$ cat my_file-v8.tsv   # TSV, C-alpha atoms
chain	number	residue	atom	x	y	z
A	23	MET	CA	2.18	13.48	-58.42
A	24	ASP	CA	4.85	15.51	-60.11
A	25	GLU	CA	7.30	17.56	-58.20
A	26	MET	CA	5.82	20.78	-56.86
A	27	LYS	CA	7.01	24.07	-58.21
A	28	ILE	CA	7.14	26.49	-55.35
A	29	ASP	CA	7.92	30.16	-55.78
A	30	GLU	CA	10.06	32.16	-53.39
A	31	ASN	CA	7.14	32.80	-51.06
A	32	GLY	CA	6.80	29.08	-50.61
A	33	ASN	CA	3.40	28.78	-52.20
A	34	GLY	CA	1.62	28.97	-55.49
A	35	ARG	CA	2.37	26.68	-58.32
A	36	VAL	CA	2.87	27.12	-62.02
A	37	MET	CA	-0.60	25.95	-62.92
A	38	GLU	CA	-0.59	26.78	-66.63
A	39	GLN	CA	1.94	24.16	-67.58
A	40	GLU	CA	0.17	21.57	-65.48
A	41	ASN	CA	-3.22	22.31	-67.05
A	42	GLU	CA	-1.76	22.19	-70.50
A	43	ARG	CA	-0.26	18.83	-69.87
A	44	THR	CA	-3.25	17.24	-68.20
A	45	GLU	CA	-6.16	18.65	-70.16
A	46	GLY	CA	-8.09	16.37	-72.39
A	47	TYR	CA	-7.38	13.16	-70.53
A	48	ASP	CA	-9.97	11.42	-68.49
A	49	ARG	CA	-8.07	8.36	-67.39
A	50	LEU	CA	-4.44	7.66	-66.73
A	51	SER	CA	-2.22	8.94	-69.49
A	52	TYR	CA	-0.17	6.30	-71.22
A	53	PRO	CA	2.90	6.74	-73.35
A	54	LEU	CA	1.17	4.91	-76.19
A	55	LYS	CA	-2.45	5.46	-77.18
A	56	GLU	CA	-2.78	1.75	-77.91
A	57	PHE	CA	-2.33	0.97	-74.25
A	58	LYS	CA	-5.86	2.19	-73.64
A	59	VAL	CA	-7.07	-1.15	-74.92
A	60	PHE	CA	-5.59	-2.77	-71.85
A	61	GLU	CA	-7.18	-0.34	-69.43
A	62	PRO	CA	-9.71	-2.86	-68.05
A	63	LEU	CA	-6.84	-5.23	-67.38
A	64	PHE	CA	-4.84	-2.51	-65.67
A	65	ARG	CA	-7.81	-1.58	-63.54
A	66	TRP	CA	-8.33	-5.15	-62.50
A	67	ALA	CA	-4.66	-5.42	-61.63
A	68	ARG	CA	-4.82	-2.16	-59.67
A	69	LYS	CA	-7.86	-3.38	-57.78
A	70	LYS	CA	-6.13	-6.59	-56.83
A	71	SER	CA	-2.90	-4.99	-55.62
A	72	ILE	CA	-3.82	-2.06	-53.41
A	73	TRP	CA	-1.00	-1.35	-51.02
A	74	ILE	CA	-1.76	0.64	-47.92
A	75	ILE	CA	0.56	3.27	-46.56
A	76	THR	CA	1.20	2.74	-42.87
A	77	PHE	CA	0.00	6.00	-41.39
A	78	CYS	CA	-2.41	5.73	-38.50
A	79	THR	CA	-4.06	8.75	-36.93
A	80	GLY	CA	-6.62	8.80	-34.15
A	81	CYS	CA	-8.33	5.73	-32.81
A	82	GLY	CA	-8.84	3.71	-36.00
A	83	GLY	CA	-5.35	2.30	-36.09
A	84	ILE	CA	-6.37	-0.26	-33.51
A	85	GLU	CA	-9.06	-1.54	-35.89
A	86	MET	CA	-6.45	-2.45	-38.46
A	87	PRO	CA	-4.79	-5.52	-36.82
A	88	PRO	CA	-8.06	-7.55	-36.90
A	89	LEU	CA	-8.21	-6.88	-40.63
A	90	MET	CA	-4.81	-8.46	-41.08
A	91	ASN	CA	-5.65	-11.53	-39.03
A	92	ALA	CA	-7.01	-14.85	-40.23
A	93	ARG	CA	-10.67	-13.90	-40.03
A	94	TYR	CA	-10.66	-11.00	-42.47
A	95	ASP	CA	-7.20	-11.47	-43.94
A	96	LEU	CA	-6.64	-8.45	-46.13
A	97	GLU	CA	-3.81	-10.10	-48.00
A	98	ARG	CA	-6.17	-12.30	-49.96
A	99	PHE	CA	-7.08	-9.13	-51.88
A	100	GLY	CA	-3.44	-8.36	-52.50
A	101	MET	CA	-3.49	-5.56	-49.92
A	102	MET	CA	-0.65	-5.03	-47.56
A	103	PRO	CA	0.66	-2.26	-45.36
A	104	ASN	CA	3.78	-0.58	-46.63
A	105	PRO	CA	5.87	2.08	-44.96
A	106	SER	CA	6.93	3.83	-48.16
A	107	PRO	CA	4.61	6.45	-49.67
A	108	ARG	CA	6.15	5.94	-53.11
A	109	MET	CA	4.90	2.38	-53.30
A	110	ALA	CA	1.49	2.93	-51.71
A	111	ASP	CA	-1.88	3.27	-53.41
A	112	LEU	CA	-4.31	3.65	-50.54
A	113	PHE	CA	-4.14	6.15	-47.72
A	114	LEU	CA	-6.25	5.29	-44.68
A	115	ILE	CA	-7.23	8.24	-42.52
A	116	THR	CA	-8.05	6.27	-39.39
A	117	GLY	CA	-9.73	8.81	-37.15
A	118	TYR	CA	-9.62	12.45	-36.20
A	119	VAL	CA	-7.05	14.70	-37.82
A	120	THR	CA	-5.36	17.59	-36.08
A	121	PRO	CA	-3.82	20.45	-38.06
A	122	LYS	CA	-0.40	19.15	-37.14
A	123	THR	CA	-1.19	15.71	-38.52
A	124	LEU	CA	-2.90	17.18	-41.56
A	125	LYS	CA	0.36	18.83	-42.61
A	126	ARG	CA	2.06	15.44	-42.58
A	127	ILE	CA	-0.89	13.84	-44.31
A	128	ILE	CA	-0.80	16.36	-47.15
A	129	ILE	CA	2.94	16.00	-47.59
A	130	THR	CA	2.71	12.20	-47.55
A	131	TYR	CA	-0.25	12.24	-49.92
A	132	GLU	CA	1.63	14.37	-52.41
A	133	MET	CA	4.58	12.01	-52.21
A	134	MET	CA	2.43	9.09	-53.32
A	135	GLU	CA	2.36	8.06	-56.96
A	136	ASP	CA	-0.76	8.26	-59.11
A	137	PRO	CA	-3.23	6.64	-58.97
A	138	LYS	CA	-3.80	7.03	-55.24
A	139	TYR	CA	-6.91	6.65	-53.15
A	140	ILE	CA	-7.99	7.89	-49.75
A	141	MET	CA	-10.39	6.17	-47.41
A	142	SER	CA	-11.45	7.88	-44.20
A	143	HIS	CA	-12.69	6.05	-41.14
A	144	GLY	CA	-15.30	7.34	-38.75
A	145	SER	CA	-17.27	10.53	-38.44
A	146	CYS	CA	-14.41	12.79	-37.37
A	147	PRO	CA	-12.97	13.31	-40.87
A	148	ILE	CA	-16.51	13.88	-42.20
A	149	ASN	CA	-17.70	16.64	-39.88
A	150	GLY	CA	-15.63	16.65	-36.72
A	151	GLY	CA	-17.66	14.00	-34.93
A	152	VAL	CA	-17.51	14.28	-31.16
A	153	TYR	CA	-14.77	16.86	-31.57
A	154	TRP	CA	-17.10	19.26	-33.36
A	155	ASP	CA	-16.15	22.23	-31.17
A	156	SER	CA	-12.56	21.27	-30.49
A	157	TYR	CA	-10.01	23.92	-31.36
A	158	ASN	CA	-7.59	21.32	-32.58
A	159	VAL	CA	-9.48	18.89	-34.84
A	160	VAL	CA	-9.98	19.51	-38.54
A	161	LYS	CA	-13.62	19.54	-39.57
A	162	GLN	CA	-14.48	18.50	-43.13
A	163	LEU	CA	-11.29	16.85	-44.18
A	164	ASP	CA	-12.31	16.80	-47.85
A	165	ARG	CA	-11.71	20.52	-48.04
A	166	TYR	CA	-8.00	19.84	-47.78
A	167	ILE	CA	-7.48	16.51	-49.51
A	168	PRO	CA	-9.85	14.51	-51.75
A	169	ILE	CA	-11.51	11.49	-50.17
A	170	ASP	CA	-12.79	8.57	-52.21
A	171	VAL	CA	-14.64	6.54	-49.61
A	172	SER	CA	-15.84	7.66	-46.19
A	173	ILE	CA	-17.00	5.16	-43.62
A	174	ALA	CA	-19.42	6.55	-41.06
A	175	GLY	CA	-19.40	5.44	-37.47
A	176	CYS	CA	-17.57	6.12	-34.27
A	177	MET	CA	-15.45	4.02	-34.54
A	178	PRO	CA	-16.56	1.81	-37.49
A	179	ARG	CA	-16.22	-1.84	-36.71
A	180	VAL	CA	-14.00	-4.11	-38.72
A	181	GLU	CA	-16.96	-5.25	-40.80
A	182	ALA	CA	-17.64	-1.67	-41.82
A	183	VAL	CA	-14.01	-1.12	-42.72
A	184	MET	CA	-14.15	-4.30	-44.78
A	185	ASP	CA	-17.24	-2.95	-46.54
A	186	GLY	CA	-15.37	0.28	-47.28
A	187	ILE	CA	-12.49	-1.70	-48.71
A	188	MET	CA	-14.83	-3.67	-50.96
A	189	GLU	CA	-16.37	-0.35	-52.04
A	190	ILE	CA	-13.02	1.15	-52.95
A	191	MET	CA	-12.14	-1.99	-54.89
A	192	ARG	CA	-15.38	-1.67	-56.83
A	193	LYS	CA	-14.66	1.98	-57.46
A	194	VAL	CA	-11.15	1.26	-58.67
A	195	GLU	CA	-12.46	-1.35	-61.06
A	196	ARG	CA	-15.09	1.02	-62.45
A	197	GLY	CA	-12.62	3.90	-62.61
A	198	GLU	CA	-14.70	6.01	-60.22
A	199	ALA	CA	-12.04	6.42	-57.57
A	200	ASP	CA	-10.81	9.69	-59.02
A	201	GLY	CA	-9.68	11.60	-55.96
A	202	TRP	CA	-6.15	12.01	-57.26
A	203	LYS	CA	-7.57	13.43	-60.47
A	204	ARG	CA	-9.77	15.87	-58.58
A	205	TYR	CA	-6.75	16.91	-56.55
A	206	ARG	CA	-4.86	17.73	-59.72
A	207	ASP	CA	-7.71	19.55	-61.40
A	208	ASN	CA	-8.74	21.58	-58.36
A	209	TYR	CA	-5.28	21.98	-56.91
A	210	GLU	CA	-5.66	25.74	-56.54
A	211	TRP	CA	-8.81	25.32	-54.44
A	212	TYR	CA	-7.27	22.69	-52.20
A	213	ARG	CA	-4.13	24.75	-51.91
A	214	ARG	CA	-6.10	27.84	-50.92
A	215	ASN	CA	-7.94	25.96	-48.20
A	216	GLN	CA	-4.71	24.52	-46.88
A	217	ASP	CA	-3.04	27.94	-46.85
A	218	GLU	CA	-6.04	29.43	-45.06
A	219	LEU	CA	-5.67	26.89	-42.28
A	220	PHE	CA	-1.91	26.80	-41.93
A	221	GLY	CA	-0.81	30.19	-43.20
A	222	LYS	CA	1.22	30.76	-46.32
A	223	GLY	CA	4.58	29.10	-46.64
A	224	TRP	CA	3.74	26.32	-44.21
A	225	ARG	CA	5.44	23.66	-46.30
A	226	LYS	CA	8.82	25.29	-45.99
A	227	GLU	CA	8.30	26.02	-42.32
A	228	THR	CA	7.32	22.43	-41.59
A	229	ALA	CA	10.25	21.10	-43.57
A	230	ARG	CA	12.62	23.48	-41.82
A	231	ARG	CA	11.64	22.09	-38.44
A	232	TRP	CA	13.16	18.76	-39.37
A	233	LEU	CA	15.72	19.71	-41.99
A	234	LYS	CA	17.63	22.55	-40.41
A	235	TRP	CA	19.80	23.25	-43.45
A	236	LEU	CA	16.87	24.33	-45.63
B	3	MET	CA	-5.12	-12.82	6.82
B	4	GLU	CA	-8.64	-11.59	6.19
B	5	GLU	CA	-9.38	-8.97	3.56
B	6	GLY	CA	-10.76	-6.29	5.87
B	7	ASN	CA	-8.01	-6.83	8.36
B	8	ARG	CA	-5.30	-6.38	5.75
B	9	GLU	CA	-6.82	-3.09	4.58
B	10	GLU	CA	-6.92	-1.82	8.12
B	11	VAL	CA	-3.29	-2.72	8.63
B	12	ALA	CA	-2.34	-0.95	5.40
B	13	GLU	CA	-4.27	2.16	6.44
B	14	VAL	CA	-2.61	2.23	9.81
B	15	ALA	CA	0.80	1.99	8.10
B	16	LEU	CA	-0.17	4.81	5.72
B	17	ASN	CA	-1.30	6.96	8.62
B	18	ASP	CA	2.20	6.65	10.00
B	19	VAL	CA	3.65	7.79	6.67
B	20	VAL	CA	1.35	10.80	6.54
B	21	ASP	CA	2.10	11.69	10.13
B	22	ALA	CA	5.82	11.49	9.48
B	23	VAL	CA	5.51	13.87	6.52
B	24	ILE	CA	3.35	16.33	8.45
B	25	GLU	CA	5.74	16.27	11.36
B	26	ARG	CA	8.51	17.49	9.09
B	27	ALA	CA	6.23	19.93	7.26
B	28	PRO	CA	3.71	21.30	9.77
B	29	TYR	CA	2.13	23.72	7.28
B	30	ALA	CA	0.64	20.81	5.29
B	31	GLN	CA	-2.64	19.04	5.80
B	32	GLY	CA	-2.78	15.39	4.92
B	33	LYS	CA	-5.14	12.46	5.06
B	34	VAL	CA	-5.45	8.89	3.86
B	35	ILE	CA	-8.18	8.55	1.23
B	36	ARG	CA	-8.11	4.78	1.05
B	37	GLU	CA	-5.63	1.99	0.62
B	38	ARG	CA	-2.69	3.25	-1.48
B	39	ARG	CA	-4.02	6.79	-1.77
B	40	VAL	CA	-2.97	9.75	0.34
B	41	GLU	CA	-3.63	13.41	-0.16
B	42	PHE	CA	-1.87	16.56	0.99
B	43	SER	CA	-2.76	20.18	0.56
B	44	ILE	CA	-0.15	22.84	1.03
B	45	PRO	CA	0.22	26.59	0.55
B	46	ALA	CA	1.74	27.47	-2.82
B	47	GLU	CA	4.85	29.20	-1.49
B	48	LYS	CA	5.95	26.05	0.37
B	49	LEU	CA	5.90	23.88	-2.78
B	50	ARG	CA	9.62	23.29	-3.24
B	51	ASP	CA	10.20	22.69	0.42
B	52	PHE	CA	7.35	20.21	0.64
B	53	LEU	CA	8.35	18.23	-2.45
B	54	ARG	CA	11.85	17.88	-0.99
B	55	VAL	CA	10.34	16.52	2.21
B	56	MET	CA	8.20	14.13	0.19
B	57	LYS	CA	11.19	12.87	-1.75
B	58	GLU	CA	13.09	12.21	1.43
B	59	SER	CA	10.15	10.40	3.06
B	60	GLY	CA	9.83	7.79	0.34
B	61	PHE	CA	7.85	9.38	-2.50
B	62	GLU	CA	10.54	9.03	-5.13
B	63	MET	CA	8.65	9.70	-8.34
B	64	LEU	CA	6.75	12.68	-9.68
B	65	MET	CA	4.25	11.16	-12.09
B	66	GLN	CA	2.26	14.09	-13.38
B	67	ILE	CA	1.28	17.67	-12.81
B	68	THR	CA	-2.37	18.36	-13.50
B	69	VAL	CA	-4.19	21.67	-13.43
B	70	VAL	CA	-7.84	22.40	-12.67
B	71	ASP	CA	-9.27	25.76	-13.61
B	72	TRP	CA	-11.78	27.06	-11.04
B	73	LEU	CA	-13.20	30.00	-12.90
B	74	LYS	CA	-15.64	31.30	-10.27
B	75	GLU	CA	-13.11	31.19	-7.46
B	76	GLY	CA	-10.48	32.74	-9.70
B	77	LYS	CA	-7.97	30.04	-8.90
B	78	PHE	CA	-5.92	27.33	-10.50
B	79	GLU	CA	-5.65	24.14	-8.53
B	80	LEU	CA	-2.48	22.22	-9.24
B	81	VAL	CA	-2.15	18.57	-8.34
B	82	TYR	CA	1.32	17.08	-8.17
B	83	GLN	CA	0.85	13.34	-8.44
B	84	MET	CA	3.58	11.31	-6.82
B	85	TRP	CA	4.28	7.63	-6.52
B	86	SER	CA	6.13	5.93	-3.75
B	87	VAL	CA	7.95	2.74	-4.58
B	88	THR	CA	8.74	2.19	-0.90
B	89	HIS	CA	5.15	2.34	0.31
B	90	SER	CA	3.44	1.45	-3.03
B	91	THR	CA	1.33	4.52	-2.55
B	92	HIS	CA	-0.06	7.24	-4.76
B	93	ALA	CA	0.07	10.74	-3.28
B	94	PHE	CA	-1.72	13.84	-4.47
B	95	VAL	CA	-0.23	17.16	-3.45
B	96	ARG	CA	-2.75	19.92	-4.00
B	97	LEU	CA	-2.13	23.64	-3.99
B	98	GLU	CA	-3.91	26.72	-5.26
B	99	VAL	CA	-2.63	29.79	-7.07
B	100	GLN	CA	-4.37	32.95	-8.21
B	101	ARG	CA	-5.76	32.65	-11.70
B	102	ASP	CA	-4.47	35.91	-13.13
B	103	ASP	CA	-0.69	36.18	-13.29
B	104	ALA	CA	-0.21	32.67	-11.94
B	105	ARG	CA	3.35	32.06	-10.84
B	106	LEU	CA	5.06	29.11	-9.23
B	107	PRO	CA	8.66	28.10	-8.66
B	108	THR	CA	9.91	25.26	-10.82
B	109	VAL	CA	10.67	21.89	-9.23
B	110	MET	CA	12.98	20.80	-12.03
B	111	ASP	CA	16.01	20.49	-9.76
B	112	ILE	CA	14.16	18.15	-7.38
B	113	PHE	CA	12.35	16.08	-10.02
B	114	PRO	CA	13.88	16.59	-13.49
B	115	VAL	CA	10.78	15.06	-15.12
B	116	ALA	CA	8.80	18.13	-14.05
B	117	GLU	CA	10.24	20.06	-16.97
B	118	THR	CA	7.85	18.53	-19.51
B	119	TYR	CA	4.77	18.82	-17.32
B	120	GLU	CA	5.55	22.41	-16.50
B	121	ARG	CA	5.92	23.23	-20.16
B	122	GLU	CA	2.55	21.61	-20.80
B	123	ALA	CA	0.82	23.47	-17.97
B	124	HIS	CA	2.40	26.68	-19.16
B	125	GLU	CA	1.16	26.22	-22.70
B	126	PHE	CA	-2.37	25.09	-21.93
B	127	PHE	CA	-3.11	27.21	-18.85
B	128	GLY	CA	-0.58	30.02	-18.91
B	129	ILE	CA	1.04	29.27	-15.56
B	130	ASP	CA	4.53	30.72	-15.31
B	131	PHE	CA	7.07	28.37	-13.72
B	132	GLU	CA	9.98	30.55	-12.69
B	133	GLY	CA	13.30	28.90	-13.31
B	134	ASN	CA	12.25	26.51	-16.07
B	135	PRO	CA	14.40	27.46	-19.06
B	136	ARG	CA	12.33	25.72	-21.72
B	137	LEU	CA	8.96	27.40	-21.31
B	138	GLY	CA	7.65	28.45	-24.69
B	139	PRO	CA	5.88	27.01	-27.74
B	140	PHE	CA	5.62	23.28	-27.16
B	141	ILE	CA	2.80	21.12	-28.55
B	142	LEU	CA	0.24	23.52	-29.99
B	143	GLU	CA	0.25	25.23	-33.33
B	144	PRO	CA	2.09	28.56	-33.20
B	145	ARG	CA	-1.14	30.54	-33.57
B	146	GLU	CA	-2.57	28.89	-30.46
B	147	TYR	CA	0.35	29.73	-28.25
B	148	GLU	CA	-0.57	32.38	-25.64
B	149	LYS	CA	-4.26	31.55	-26.15
B	150	HIS	CA	-4.26	28.87	-23.42
B	151	PRO	CA	-7.08	26.71	-24.84
B	152	PHE	CA	-7.68	24.67	-21.68
B	153	ARG	CA	-8.76	27.68	-19.65
B	154	LYS	CA	-12.47	27.71	-18.97
B	155	ASP	CA	-12.95	31.18	-20.45
B	156	PHE	CA	-11.50	30.15	-23.81
B	157	SER	CA	-14.45	30.05	-26.20
B	158	THR	CA	-13.81	26.99	-28.33
B	159	LEU	CA	-16.80	27.34	-30.62
B	160	SER	CA	-16.03	30.88	-31.73
B	161	TYR	CA	-12.39	29.92	-32.18
B	162	VAL	CA	-13.44	26.94	-34.30
B	163	LYS	CA	-15.62	29.16	-36.46
B	164	GLU	CA	-12.77	31.60	-36.89
B	165	ILE	CA	-10.28	28.92	-37.91
B	166	TYR	CA	-12.33	26.30	-39.75
B	167	GLY	CA	-14.93	28.52	-41.39
B	168	GLU	CA	-18.32	30.05	-40.76
B	169	ASP	CA	-20.23	27.33	-42.62
B	170	PHE	CA	-19.72	25.15	-39.61
B	171	ASP	CA	-22.91	26.16	-37.85
B	172	ARG	CA	-24.88	23.04	-37.10
B	173	TYR	CA	-25.20	24.14	-33.49
B	174	ASP	CA	-26.49	27.13	-31.60
B	175	GLU	CA	-23.96	29.44	-30.08
B	176	SER	CA	-25.72	28.94	-26.74
B	177	LYS	CA	-25.18	25.19	-27.08
B	178	THR	CA	-28.83	24.53	-26.22
B	179	ASN	CA	-29.67	22.66	-29.37
B	180	TYR	CA	-27.38	19.66	-29.73
B	181	VAL	CA	-27.94	17.55	-32.78
B	182	ILE	CA	-25.12	15.10	-32.21
$ encode --input "my_file-v8.tsv" --output "structure tokens"
Amino acid sequence: MDEMKIDENGNGRVMEQENERTEGYDRLSYPLKEFKVFEPLFRWARKKSIWIITFCTGCGGIEMPPLMNARYDLERFGMMPNPSPRMADLFLITGYVTPKTLKRIIITYEMMEDPKYIMSHGSCPINGGVYWDSYNVVKQLDRYIPIDVSIAGCMPRVEAVMDGIMEIMRKVERGEADGWKRYRDNYEWYRRNQDELFGKGWRKETARRWLKWL
Amino acid sequence: MEEGNREEVAEVALNDVVDAVIERAPYAQGKVIRERRVEFSIPAEKLRDFLRVMKESGFEMLMQITVVDWLKEGKFELVYQMWSVTHSTHAFVRLEVQRDDARLPTVMDIFPVAETYEREAHEFFGIDFEGNPRLGPFILEPREYEKHPFRKDFSTLSYVKEIYGEDFDRYDESKTNYVI
């Protein structure tokens, strides 16, 4: 995603320029039109090299090590965990999300490069799950960031996570995993929901907590 | 040594520990729950004095401060959980304070680790620990500070609807009809 343009209030974005630049495309934009011929190849390559950003929330993080072991062995699909958001393609939301975590999730998600995909584990990101009346757990995560694949269950077993991974690979190959595109197109809506939850100017406030010189 | 015999010996030894503590602090009531567990209950104003006695009689560590909200009685019950390396024993020190305008002296100078637990109890239950300099916003979001969400009279469902939207109404307000 491009760099955000933030006005002096710390929110809002110059949407006109963005719309002008992105309208009329339905897939990734390439510098040369001829590159579109290779799109199936690119999709196949993208499907076979999904890197996961290492960001575990909630209880699903403990389901990840079995996926890396010999039995399921994620690396045969070219997947691997990576600590840098700039190099990652897939964001795993592994469990419930608190507002505090959601701030970090949004910031990390916006740091990732297009195309980027989100997969959510368990019922908590879908509707709150067992934390349905908790003051501190975000219900309906897809109001704040776009989700490509949701796995139901509490907590989904490794087989279910594997199924979700196969699903996202299918979606990437067919070009249906378009969460990043939806995030761009409906950025105002997502932004409004985020501001409703956190209050306006939350990005600057959050950044100022860690970077005192801002 | 037989199993039952060993337990009895351990309990007898623990009884001595409890008696020694109560001898130095006669306002406290104490008993042995089972092997490696003892319990004391004290009046709230004697807290600092009693914890000092405990530290000197072998309970070196303060492990946790937990709070129970007894809404009907109008009281907070605080449990100071302590661990003794000398006796390998867990001790619970219970005390009660009034629910409205709850105040307690800090025990930071006796057990420095109490600072964090006091901050937590202050944020979630609104108990004021006099003398702790770092009471204030701690873990919660800023809008939840001063709301004390762990109190029993904090209505979570209405707060959730206020924060996360009205369309979240799969359940009755009376919580009679659970779908989950």
$ interface_residues --input "my_file-v8.tsv" --of "chain A" --to "chain B" --cutoff "10 Å" --atoms "all atoms listed in the file" --output "number ranges by chain"
A: 120-122, 149-152, 154-162, 215, 218-221
$ closest_residue --input "my_file-v8.tsv" --among "B:Gly76, B:Val95, B:Tyr29, B:Arg105" --to "B:Ser43" --atoms "all atoms listed in the file"
B:Val95
$ closest_residue --input "my_file-v8.tsv" --among "A:Cys78, A:Arg192, A:His143, A:Leu63" --to "A:Arg126" --atoms "all atoms listed in the file"
A:Cys78
$ residues_around --input "my_file-v8.tsv" --residues "A:Phe113" --least-positions-apart "4" --cutoff "12 Å" --atoms "only C-alpha atoms" --output "ChimeraX atom specification"
/A:72-79,101-109,127-128,130-135,137-143,167-172,187,190,201-202
$ atom_distance --input "my_file-v8.tsv" --atom1 "atom CA of A:Gly100" --atom2 "atom CA of A:Met191"
11.0 Å
$ residues_near_point --input "my_file-v8.tsv" --point "(0.1, 36.1, -27.2)" --cutoff "12 Å" --atoms "only C-alpha atoms" --output "list in words"
Glu125, Gly128, Gly138, Pro139, Pro144, Arg145, Glu146, Tyr147, Glu148, Lys149 and His150 of chain B
$ residues_around --input "my_file-v8.tsv" --residues "stretch 66-70 of chain B" --least-positions-apart "3" --cutoff "12 Å" --atoms "only C-alpha atoms" --output "JSON, numbers by chain"
{"B": [63, 73, 75, 76, 77, 78, 79, 80, 81, 82, 83, 84, 85, 92, 93, 94, 95, 96, 97, 98, 99, 100, 101, 104, 108, 109, 113, 114, 115, 116, 117, 118, 119, 120, 121, 122, 123, 124, 125, 126, 127, 128, 129, 152, 153, 154]}
$ closest_residue --input "my_file-v8.tsv" --among "A:Leu124, A:Ala110, A:Cys176, A:Val194" --to "A:Tyr153" --atoms "only C-alpha atoms"
A:Cys176
$ atom_distance --input "my_file-v8.tsv" --atom1 "atom CA of A:Lys226" --atom2 "atom CA of A:Lys125"
11.2 Å
$ residues_around --input "my_file-v8.tsv" --residues "A:Pro62" --least-positions-apart "3" --cutoff "12 Å" --atoms "all atoms listed in the file" --output "number ranges by chain"
A: 49-50, 57-59, 65-69, 194-197
$ atom_distance --input "my_file-v8.tsv" --atom1 "atom CA of B:Asp51" --atom2 "atom CA of B:Ala15"
24.0 Å
$ closest_residue --input "my_file-v8.tsv" --among "B:Asn17, B:Thr91, B:Asn134, B:Ser59" --to "B:Arg39" --atoms "all atoms listed in the file"
B:Thr91
$ axis_aligned_box --input "my_file-v8.tsv" --around "stretch 124-142 of chain B" --padding-each-side "3 Å" --output "lines of an AutoDock Vina configuration file"
center_x = 5.6
center_y = 25.9
center_z = -21.3
size_x = 23.5
size_y = 15.6
size_z = 23.3
$ residues_near_point --input "my_file-v8.tsv" --point "(12.3, 12.1, -1.0)" --cutoff "12 Å" --atoms "all atoms listed in the file" --output "number ranges by chain"
B: 23, 50-64, 84-88, 112-113
